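What's in upload.txt: compact mmCIF, C-alpha atoms
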```txt
# COMPACT_ATOMS: atom_id res chain seq x y z
CA MET A 396 52.05 -0.11 -8.78
CA SER A 397 49.66 2.40 -7.28
CA LEU A 398 50.77 4.72 -4.53
CA SER A 399 48.45 5.73 -1.75
CA ARG A 400 48.14 9.50 -1.61
CA GLN A 401 47.21 9.56 2.03
CA THR A 402 49.53 7.23 3.81
CA VAL A 403 52.82 6.54 2.00
CA PRO A 404 55.63 8.91 2.98
CA VAL A 405 56.94 10.68 -0.10
CA ALA A 406 60.54 9.53 0.14
CA GLU A 407 59.40 5.95 0.52
CA ALA A 408 57.01 6.33 -2.40
CA ILE A 409 59.73 7.71 -4.62
CA SER A 410 62.13 4.97 -3.56
CA SER A 411 59.52 2.35 -4.23
CA GLY A 412 58.69 3.88 -7.59
CA LEU A 413 62.31 3.92 -8.63
CA HIS A 414 62.62 0.31 -7.53
CA SER A 415 59.62 -0.55 -9.68
CA LEU A 416 61.30 1.06 -12.66
CA ALA A 417 64.22 -1.35 -12.43
CA GLN A 418 62.21 -4.49 -13.33
CA PRO A 419 60.68 -3.37 -16.65
CA LEU A 420 63.90 -1.63 -17.66
CA THR A 421 65.78 -4.89 -17.11
CA VAL A 422 63.34 -6.80 -19.31
CA LEU A 423 63.34 -4.00 -21.90
CA GLN A 424 67.11 -3.94 -22.18
CA GLY A 425 67.35 -7.73 -22.13
CA VAL A 426 64.76 -8.42 -24.78
CA LEU A 427 66.26 -5.83 -27.14
CA GLU A 428 69.81 -7.12 -26.57
CA LEU A 429 68.72 -10.66 -27.34
CA ALA A 430 66.68 -9.58 -30.36
CA LEU A 431 69.78 -7.94 -31.85
CA SER A 432 72.02 -10.92 -31.14
CA ARG A 433 69.70 -13.89 -31.70
CA ALA A 434 66.48 -13.02 -33.51
CA GLU A 435 66.40 -14.27 -37.07
CA THR A 436 62.79 -14.27 -38.23
CA VAL A 437 60.29 -11.46 -38.50
CA GLU A 438 58.16 -13.28 -35.94
CA GLU A 439 61.00 -13.33 -33.41
CA TYR A 440 61.67 -9.61 -33.91
CA ARG A 441 57.97 -8.86 -33.59
CA ASN A 442 57.70 -10.82 -30.33
CA ALA A 443 60.70 -8.95 -28.96
CA VAL A 444 59.22 -5.59 -29.92
CA GLU A 445 55.91 -6.49 -28.27
CA VAL A 446 57.58 -7.51 -25.02
CA ALA A 447 59.76 -4.39 -25.15
CA LEU A 448 56.75 -2.15 -25.69
CA GLY A 449 54.85 -3.75 -22.81
CA ASN A 450 57.74 -3.17 -20.48
CA ALA A 451 58.35 0.35 -21.71
CA ARG A 452 54.74 1.09 -20.73
CA ARG A 453 55.30 -0.48 -17.33
CA ALA A 454 58.36 1.73 -16.86
CA ILE A 455 56.40 4.81 -17.86
CA GLY A 456 53.72 3.87 -15.34
CA SER A 457 56.29 3.64 -12.58
CA LEU A 458 57.87 6.94 -13.64
CA ASN A 459 54.47 8.62 -13.52
CA ASP A 460 53.96 7.29 -10.00
CA VAL A 461 57.26 8.84 -8.95
CA ARG A 462 56.31 12.15 -10.61
CA GLU A 463 52.96 12.19 -8.86
CA SER A 464 54.54 11.60 -5.48
CA ALA A 465 57.09 14.34 -6.11
CA ARG A 466 54.37 16.71 -7.36
CA GLN A 467 52.30 16.19 -4.25
CA SER A 468 55.26 16.91 -2.09
CA TRP A 469 57.00 19.72 -3.89
CA GLY A 470 54.43 21.13 -6.28
CA PRO A 471 54.27 20.97 -10.10
CA ARG A 472 56.91 23.58 -10.88
CA HIS A 473 59.69 21.50 -9.35
CA LEU A 474 59.29 18.73 -12.00
CA MET B 42 58.93 -26.82 -10.23
CA ASP B 43 57.19 -23.53 -10.76
CA MET B 44 55.76 -21.86 -7.73
CA HIS B 45 53.50 -19.63 -9.80
CA GLN B 46 50.16 -21.33 -9.48
CA GLY B 47 48.91 -23.36 -12.41
CA GLU B 48 52.12 -23.45 -14.41
CA GLN B 49 53.78 -26.61 -15.60
CA ARG B 50 57.10 -27.92 -14.41
CA SER B 51 60.03 -27.07 -16.64
CA THR B 52 61.88 -29.91 -18.36
CA GLU B 53 65.02 -31.02 -16.62
CA THR B 54 67.67 -30.84 -19.27
CA GLY B 55 70.90 -29.88 -17.55
CA ILE B 56 72.06 -27.37 -14.96
CA ARG B 57 69.16 -26.65 -12.63
CA VAL B 58 68.58 -23.03 -11.73
CA LEU B 59 66.08 -21.62 -9.27
CA VAL B 60 64.98 -18.02 -9.85
CA VAL B 61 63.34 -16.39 -6.83
CA GLU B 62 61.77 -13.22 -8.20
CA ASP B 63 58.34 -11.71 -7.52
CA ASP B 64 58.16 -9.55 -10.65
CA ARG B 65 56.36 -11.92 -12.99
CA PRO B 66 57.44 -10.44 -16.36
CA LEU B 67 61.08 -10.37 -15.25
CA ALA B 68 60.88 -13.92 -13.86
CA ASN B 69 59.33 -15.19 -17.08
CA PHE B 70 61.91 -13.35 -19.18
CA LEU B 71 64.78 -14.89 -17.21
CA GLN B 72 63.25 -18.35 -17.37
CA LYS B 73 62.60 -18.20 -21.10
CA HIS B 74 66.04 -16.96 -22.07
CA LEU B 75 68.03 -19.07 -19.62
CA GLN B 76 66.21 -22.11 -20.99
CA THR B 77 67.46 -21.20 -24.48
CA GLU B 78 70.96 -21.44 -22.96
CA GLU B 79 70.12 -25.01 -21.86
CA TYR B 80 69.55 -24.29 -18.22
CA SER B 81 66.61 -25.99 -16.57
CA VAL B 82 64.81 -23.18 -14.75
CA ASP B 83 62.28 -23.23 -11.93
CA LEU B 84 60.59 -20.15 -10.50
CA ALA B 85 59.49 -19.14 -7.00
CA GLU B 86 57.55 -15.91 -6.49
CA ASP B 87 58.28 -15.14 -2.84
CA GLY B 88 60.90 -15.76 -0.17
CA GLU B 89 59.06 -18.55 1.62
CA LEU B 90 58.45 -20.55 -1.56
CA GLY B 91 62.07 -19.90 -2.46
CA CYS B 92 63.31 -21.31 0.86
CA GLU B 93 61.12 -24.36 0.49
CA ALA B 94 62.34 -24.99 -3.05
CA ILE B 95 66.00 -24.64 -2.10
CA THR B 96 65.66 -26.85 0.97
CA HIS B 97 63.91 -29.70 -0.78
CA GLY B 98 65.18 -29.29 -4.32
CA ARG B 99 68.44 -30.08 -5.99
CA TYR B 100 69.68 -26.90 -7.63
CA ASP B 101 73.04 -26.07 -9.12
CA LEU B 102 72.54 -22.33 -8.91
CA LEU B 103 70.25 -19.78 -7.26
CA ILE B 104 69.26 -16.39 -8.68
CA LEU B 105 67.71 -14.46 -5.82
CA ASP B 106 65.98 -11.09 -5.82
CA LEU B 107 66.44 -9.20 -2.56
CA ASN B 108 63.12 -7.39 -2.46
CA LEU B 109 60.68 -10.29 -2.04
CA PRO B 110 57.28 -10.64 -0.39
CA LYS B 111 56.82 -12.81 2.72
CA LEU B 112 60.55 -13.27 3.34
CA ASP B 113 63.16 -10.93 1.86
CA GLY B 114 66.26 -12.11 0.02
CA LEU B 115 68.67 -11.54 2.90
CA ALA B 116 66.44 -13.62 5.22
CA VAL B 117 66.31 -16.36 2.57
CA LEU B 118 70.12 -16.36 2.42
CA GLU B 119 70.37 -16.57 6.20
CA ARG B 120 68.11 -19.61 6.22
CA VAL B 121 69.51 -21.54 3.27
CA ARG B 122 73.24 -20.85 3.46
CA PRO B 123 73.80 -23.27 6.37
CA LEU B 124 71.87 -25.94 4.47
CA LYS B 125 73.53 -25.35 1.12
CA PRO B 126 77.00 -23.95 1.78
CA ASN B 127 78.24 -24.79 -1.72
CA LEU B 128 75.26 -23.53 -3.73
CA PRO B 129 76.33 -20.63 -5.98
CA VAL B 130 74.07 -17.63 -5.37
CA LEU B 131 73.67 -14.58 -7.60
CA VAL B 132 71.66 -11.82 -5.98
CA LEU B 133 69.60 -9.29 -7.97
CA THR B 134 68.90 -5.95 -6.38
CA ALA B 135 67.45 -2.60 -7.38
CA ARG B 136 69.47 -0.94 -4.61
CA SER B 137 72.63 0.45 -6.13
CA GLY B 138 74.47 1.47 -2.96
CA VAL B 139 77.79 -0.14 -2.08
CA GLU B 140 76.51 -0.93 1.42
CA ASP B 141 73.64 -2.96 -0.03
CA ARG B 142 75.94 -4.99 -2.24
CA VAL B 143 78.33 -5.58 0.67
CA LEU B 144 75.42 -6.67 2.86
CA SER B 145 74.24 -9.28 0.36
CA LEU B 146 77.76 -10.63 -0.14
CA ASP B 147 78.28 -10.81 3.63
CA HIS B 148 75.00 -12.71 3.96
CA GLY B 149 76.33 -15.41 1.68
CA ALA B 150 75.76 -14.31 -1.90
CA ASP B 151 78.58 -15.14 -4.33
CA ASP B 152 77.81 -12.30 -6.72
CA CYS B 153 75.47 -9.36 -7.02
CA LEU B 154 73.86 -7.59 -10.00
CA VAL B 155 72.10 -4.27 -9.78
CA LYS B 156 68.89 -3.81 -11.78
CA PRO B 157 68.51 -2.85 -14.50
CA PHE B 158 71.21 -5.21 -15.80
CA SER B 159 72.20 -6.62 -19.13
CA PHE B 160 71.04 -10.20 -19.75
CA THR B 161 74.36 -10.87 -21.51
CA GLU B 162 76.19 -9.86 -18.35
CA LEU B 163 73.89 -12.00 -16.17
CA SER B 164 74.59 -14.96 -18.44
CA ALA B 165 78.36 -14.42 -18.25
CA ARG B 166 78.28 -14.11 -14.45
CA LEU B 167 76.34 -17.38 -14.19
CA ARG B 168 78.97 -19.14 -16.29
CA ALA B 169 81.71 -17.69 -14.07
CA LEU B 170 79.93 -18.87 -10.91
CA LEU B 171 79.47 -22.36 -12.31
CA ARG B 172 83.10 -22.57 -13.43
CA ARG B 173 84.26 -21.62 -9.95
CA HIS B 174 81.85 -24.08 -8.37
CA LYS B 175 83.04 -26.90 -10.62
CA ASP B 176 86.62 -26.21 -9.49
CA LEU B 177 85.51 -26.26 -5.85
CA THR B 178 83.62 -29.51 -6.17
CA LYS B 179 86.73 -31.21 -7.53
CA ARG B 180 88.74 -30.33 -4.42
CA PRO B 181 88.82 -32.70 -1.45
CA ILE B 182 86.43 -31.88 1.38
CA ARG B 183 87.92 -31.94 4.86
CA VAL B 184 86.11 -32.09 8.17
CA GLY B 185 88.49 -32.59 11.06
CA ASP B 186 90.67 -35.56 10.16
CA LEU B 187 88.15 -36.88 7.62
CA VAL B 188 88.92 -36.24 3.97
CA LEU B 189 86.71 -37.05 0.98
CA ASP B 190 88.34 -36.78 -2.42
CA ARG B 191 85.75 -37.07 -5.16
CA LYS B 192 88.22 -36.79 -7.99
CA ASN B 193 90.15 -39.86 -6.84
CA TRP B 194 87.15 -41.58 -5.21
CA ARG B 195 88.97 -41.80 -1.92
CA VAL B 196 87.97 -41.35 1.71
CA GLU B 197 90.46 -41.22 4.56
CA ARG B 198 90.26 -40.61 8.25
CA ALA B 199 93.42 -39.83 10.22
CA GLY B 200 95.36 -40.95 7.16
CA ARG B 201 93.65 -44.34 7.12
CA ARG B 202 91.78 -45.25 3.94
CA LEU B 203 88.10 -46.14 4.36
CA ASP B 204 86.38 -48.46 1.90
CA LEU B 205 82.93 -47.18 1.05
CA THR B 206 80.43 -48.39 -1.52
CA SER B 207 79.29 -45.82 -4.09
CA LYS B 208 76.05 -45.13 -2.21
CA GLU B 209 77.87 -44.83 1.13
CA PHE B 210 80.27 -42.40 -0.59
CA ALA B 211 77.31 -40.35 -1.87
CA VAL B 212 75.71 -40.24 1.60
CA LEU B 213 78.98 -39.20 3.22
CA GLU B 214 79.64 -36.58 0.55
CA TYR B 215 76.20 -35.08 1.10
CA LEU B 216 76.76 -34.91 4.85
CA MET B 217 80.18 -33.33 4.33
CA ARG B 218 78.88 -30.76 1.85
CA ASN B 219 76.35 -29.78 4.52
CA THR B 220 78.81 -29.80 7.42
CA GLY B 221 77.35 -28.42 10.61
CA ALA B 222 73.79 -28.34 9.25
CA ALA B 223 71.01 -30.76 10.17
CA VAL B 224 70.35 -33.21 7.34
CA THR B 225 66.92 -34.80 7.41
CA ARG B 226 65.98 -38.20 6.01
CA GLU B 227 63.89 -36.37 3.42
CA MET B 228 66.91 -34.38 2.26
CA LEU B 229 68.96 -37.56 1.97
CA MET B 230 66.33 -39.35 -0.05
CA GLU B 231 65.84 -36.46 -2.44
CA ASN B 232 69.48 -35.53 -2.90
CA VAL B 233 71.24 -38.91 -2.72
CA TRP B 234 68.57 -41.28 -4.03
CA ASN B 235 66.72 -38.67 -6.13
CA SER B 236 63.54 -40.11 -4.73
CA PRO B 237 60.67 -38.64 -2.69
CA TYR B 238 60.79 -39.41 1.01
CA ASP B 239 58.68 -42.34 2.20
CA ALA B 240 58.23 -42.37 5.97
CA SER B 241 57.73 -46.12 5.94
CA SER B 242 61.20 -46.70 4.50
CA ASN B 243 64.32 -46.72 6.68
CA LEU B 244 66.75 -46.72 3.78
CA ALA B 245 68.39 -43.45 4.81
CA ASP B 246 68.83 -44.69 8.40
CA VAL B 247 70.36 -47.95 7.19
CA TYR B 248 72.95 -46.16 5.09
CA ILE B 249 73.74 -43.65 7.81
CA LYS B 250 74.53 -46.60 10.05
CA TYR B 251 76.80 -48.13 7.39
CA VAL B 252 78.60 -44.81 6.95
CA ARG B 253 78.85 -44.20 10.68
CA ASP B 254 80.33 -47.63 11.29
CA LYS B 255 83.04 -46.94 8.75
CA VAL B 256 83.72 -43.27 9.53
CA ASP B 257 83.34 -43.25 13.32
CA GLY B 258 83.64 -46.96 14.20
CA ILE B 259 87.14 -47.15 15.65
CA PHE B 260 87.52 -43.45 16.47
CA GLU B 261 86.77 -42.00 19.87
CA HIS B 262 85.82 -38.60 18.43
CA LYS B 263 82.53 -39.08 16.59
CA LEU B 264 81.83 -36.87 13.60
CA ILE B 265 78.29 -38.01 12.80
CA ARG B 266 75.58 -37.31 15.37
CA THR B 267 71.86 -37.96 15.49
CA ILE B 268 69.57 -35.01 16.11
CA ARG B 269 66.49 -36.56 17.63
CA GLY B 270 63.34 -35.80 15.69
CA VAL B 271 65.30 -34.09 12.91
CA GLY B 272 68.00 -36.21 11.33
CA TYR B 273 71.78 -36.20 11.34
CA VAL B 274 74.67 -33.77 11.39
CA LEU B 275 78.32 -34.20 10.51
CA SER B 276 80.72 -31.82 12.23
CA ASP B 277 84.03 -31.66 14.01
CA ASP B 278 82.60 -29.85 17.03
```
Would you put the structure from the file into structure tokens?
Amino acid sequence: MSLSRQTVPVAEAISSGLHSLAQPLTVLQGVLELALSRAETVEEYRNAVEVALGNARRAIGSLNDVRESARQSWGPRHL
Amino acid sequence: MDMHQGEQRSTETGIRVLVVEDDRPLANFLQKHLQTEEYSVDLAEDGELGCEAITHGRYDLLILDLNLPKLDGLAVLERVRPLKPNLPVLVLTARSGVEDRVLSLDHGADDCLVKPFSFTELSARLRALLRRHKDLTKRPIRVGDLVLDRKNWRVERAGRRLDLTSKEFAVLEYLMRNTGAAVTREMLMENVWNSPYDASSNLADVYIKYVRDKVDGIFEHKLIRTIRGVGYVLSDD
């Protein structure tokens, strides 16, 4: 999710960014839980790791959006 | 039914679940893993598609995200609850505040999970909802002095037993499970006959008349009313 620098109020941007974090973290947790409890073949583990990695990257993207919004508002030394 | 464009319909194998979630990876994850637990799962990617699916479909359970495009989850609940008073609803929300959870429960949700959540917990909560719902569906339904007892296949009004055929029983049960809400001919065809609505057929009207004659025939207070241009409603008002 990209955040507009000019128009989105900071609090709303942070809230939105945190909300966006929730989706990939849910998938990340879920796919790893299920891999531990159900995966049996190397292929199944690999698929789980790939999905987990993709969602970890999504989460990092959302976190970076939140950081950027906070940085714009409060300056870099507050992070 | 999958409301994401271009995708194929899921196979109907058992308990039918509708997931209304706009985050595609999360929706796909839920669909894939719920299907491994033998649920039949359909997806809808926004609130309006979700409403349409619930209204016209035949689902045993709804998983509903609150933060949806076009129509948010609370608005979806407000629209569908009157139509589907017995449909178990599990709400998913990224808002962790108590007030938000209370709001969704007060709008008609049966349970609420805050994201990020454990899939194992989601799965357990679905089982709990379905267990509770199964218990509820076994209990007699009462509207005024009309009682329908599915377990014993018995219908009574003012203590007097009514003899209904199996299809008449199904029509009456559907009306009673949607007490107070307008039931269209389309809804009757899809939910009682499991058949798409054909405007040239008056099958639903014929059976409503049969049911009305038996339920309301000798009673001054009529429970089944026609809503012109819409369909029928059963209520004790």
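Proximity ranking of B:Glu209, B:Asp246, B:Asp83, B:Glu162 relative to chain A places B:Glu162 first, based on all atoms listed in the file.
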Could you jot down the CA of Pro419 in chain A to CA of Gly456 in chain A separation for me, Å, one decimal place?
->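 If I compute the distance from CA of Pro419 in chain A to CA of Gly456 in chain A, I get 10.1 Å.
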Sorted by chain and rising residue number, list the residues of chain B at most 12 Å from chain A (counting all atoms listed in the file), each with its closest atom pair and distance in Å to one decimal, as a tab-separated table.
```
residue	atom	partner	partner_atom	distance
B:Glu62	CA	A:Gln418	CA	10.1
B:Asp63	CA	A:Gln418	CA	10.0
B:Asp64	CA	A:Gln418	CA	7.0
B:Arg65	CA	A:Gln418	CA	9.5
B:Pro66	CA	A:Val422	CA	7.5
B:Leu67	CA	A:Val422	CA	5.9
B:Ala68	CA	A:Val422	CA	9.3
B:Asn69	CA	A:Val422	CA	9.6
B:Phe70	CA	A:Val422	CA	6.7
B:Leu71	CA	A:Val422	CA	8.5
B:Gln72	CA	A:Val422	CA	11.7
B:Lys73	CA	A:Val426	CA	10.7
B:His74	CA	A:Leu429	CA	8.6
B:Leu75	CA	A:Leu429	CA	11.4
B:Thr77	CA	A:Arg433	CA	10.5
B:Glu78	CA	A:Arg433	CA	11.6
B:Asp106	CA	A:Gln418	CA	10.7
B:Leu107	CA	A:His414	CA	11.4
B:Asn108	CA	A:His414	CA	9.2
B:Leu133	CA	A:Gln418	CA	10.3
B:Thr134	CA	A:Ala417	CA	8.9
B:Ala135	CA	A:His414	CA	5.6
B:Arg136	CA	A:His414	CA	7.6
B:Ser137	CA	A:His414	CA	10.1
B:Leu154	CA	A:Thr421	CA	11.1
B:Val155	CA	A:Ala417	CA	8.8
B:Lys156	CA	A:Ala417	CA	5.3
B:Pro157	CA	A:Thr421	CA	4.3
B:Phe158	CA	A:Thr421	CA	5.6
B:Ser159	CA	A:Gly425	CA	5.8
B:Phe160	CA	A:Gly425	CA	5.0
B:Thr161	CA	A:Gly425	CA	7.7
B:Glu162	CA	A:Gly425	CA	9.8
B:Leu163	CA	A:Gly425	CA	9.8
B:Ser164	CA	A:Gly425	CA	10.9
```
10 Å contact set for Glu86 in chain B, all atoms listed in the file, chain neighbours under 2 positions out, as a PyMOL selection string | chain B and resi 43-46+60-65+68+84+88-91+106+109-111
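Shell of Lys192 in chain B at 8 Å, with all atoms listed in the file counted and residues fewer than 5 places along the chain excluded, is Lys179, Arg180 and Pro181 of chain B.
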Those selected residues, please, written with C-alpha atoms and delivered as a CSV table (one decimal), in the frame of the given file.
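Contents of part.csv, freshly written:
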```csv
chain,number,residue,atom,x,y,z
B,179,LYS,CA,86.7,-31.2,-7.5
B,180,ARG,CA,88.7,-30.3,-4.4
B,181,PRO,CA,88.8,-32.7,-1.4
```
In Å, rounded to a single decimal, give me how far CA of Tyr100 in chain B is from CA of Arg57 in chain B.
->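 So the two atoms, CA of Arg57 in chain B and CA of Tyr100 in chain B, lie 5.0 Å apart.
Note that the spacing between CA of Glu463 in chain A and CA of Ala447 in chain A amounts to 24.2 Å.
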What's the 6 Å shell around range 269-278 of chain B, counting all atoms listed in the file, without same-chain residues fewer than 4 positions away, as a list in words?
->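 Here the answer would be Gly185, Leu216, Thr220, Gly221, Ala222, Ala223, Val224, Thr225, Leu264 and Ile265 of chain B.
Using all atoms listed in the file for every distance, the candidate list B:Met230, B:Lys255, B:Asp186, B:Arg99 yields B:Lys255 as the residue closest to Asp204 in chain B.
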Please determine the residues with any atom at most 12 Å from (88.9, -39.5, 2.8) (coordinates as given in the file, with all atoms listed in the file counting) and report them as a ChimeraX atom specification.
-> /B:180-205,210,213-214,217,255-256
Give me the residues within 10 Å of Arg462 in chain A as a PyMOL selection string, counting all atoms listed in the file and dropping any in the same chain fewer than 3 places off.
-> chain A and resi 409+412+456-459+465-468+471+474
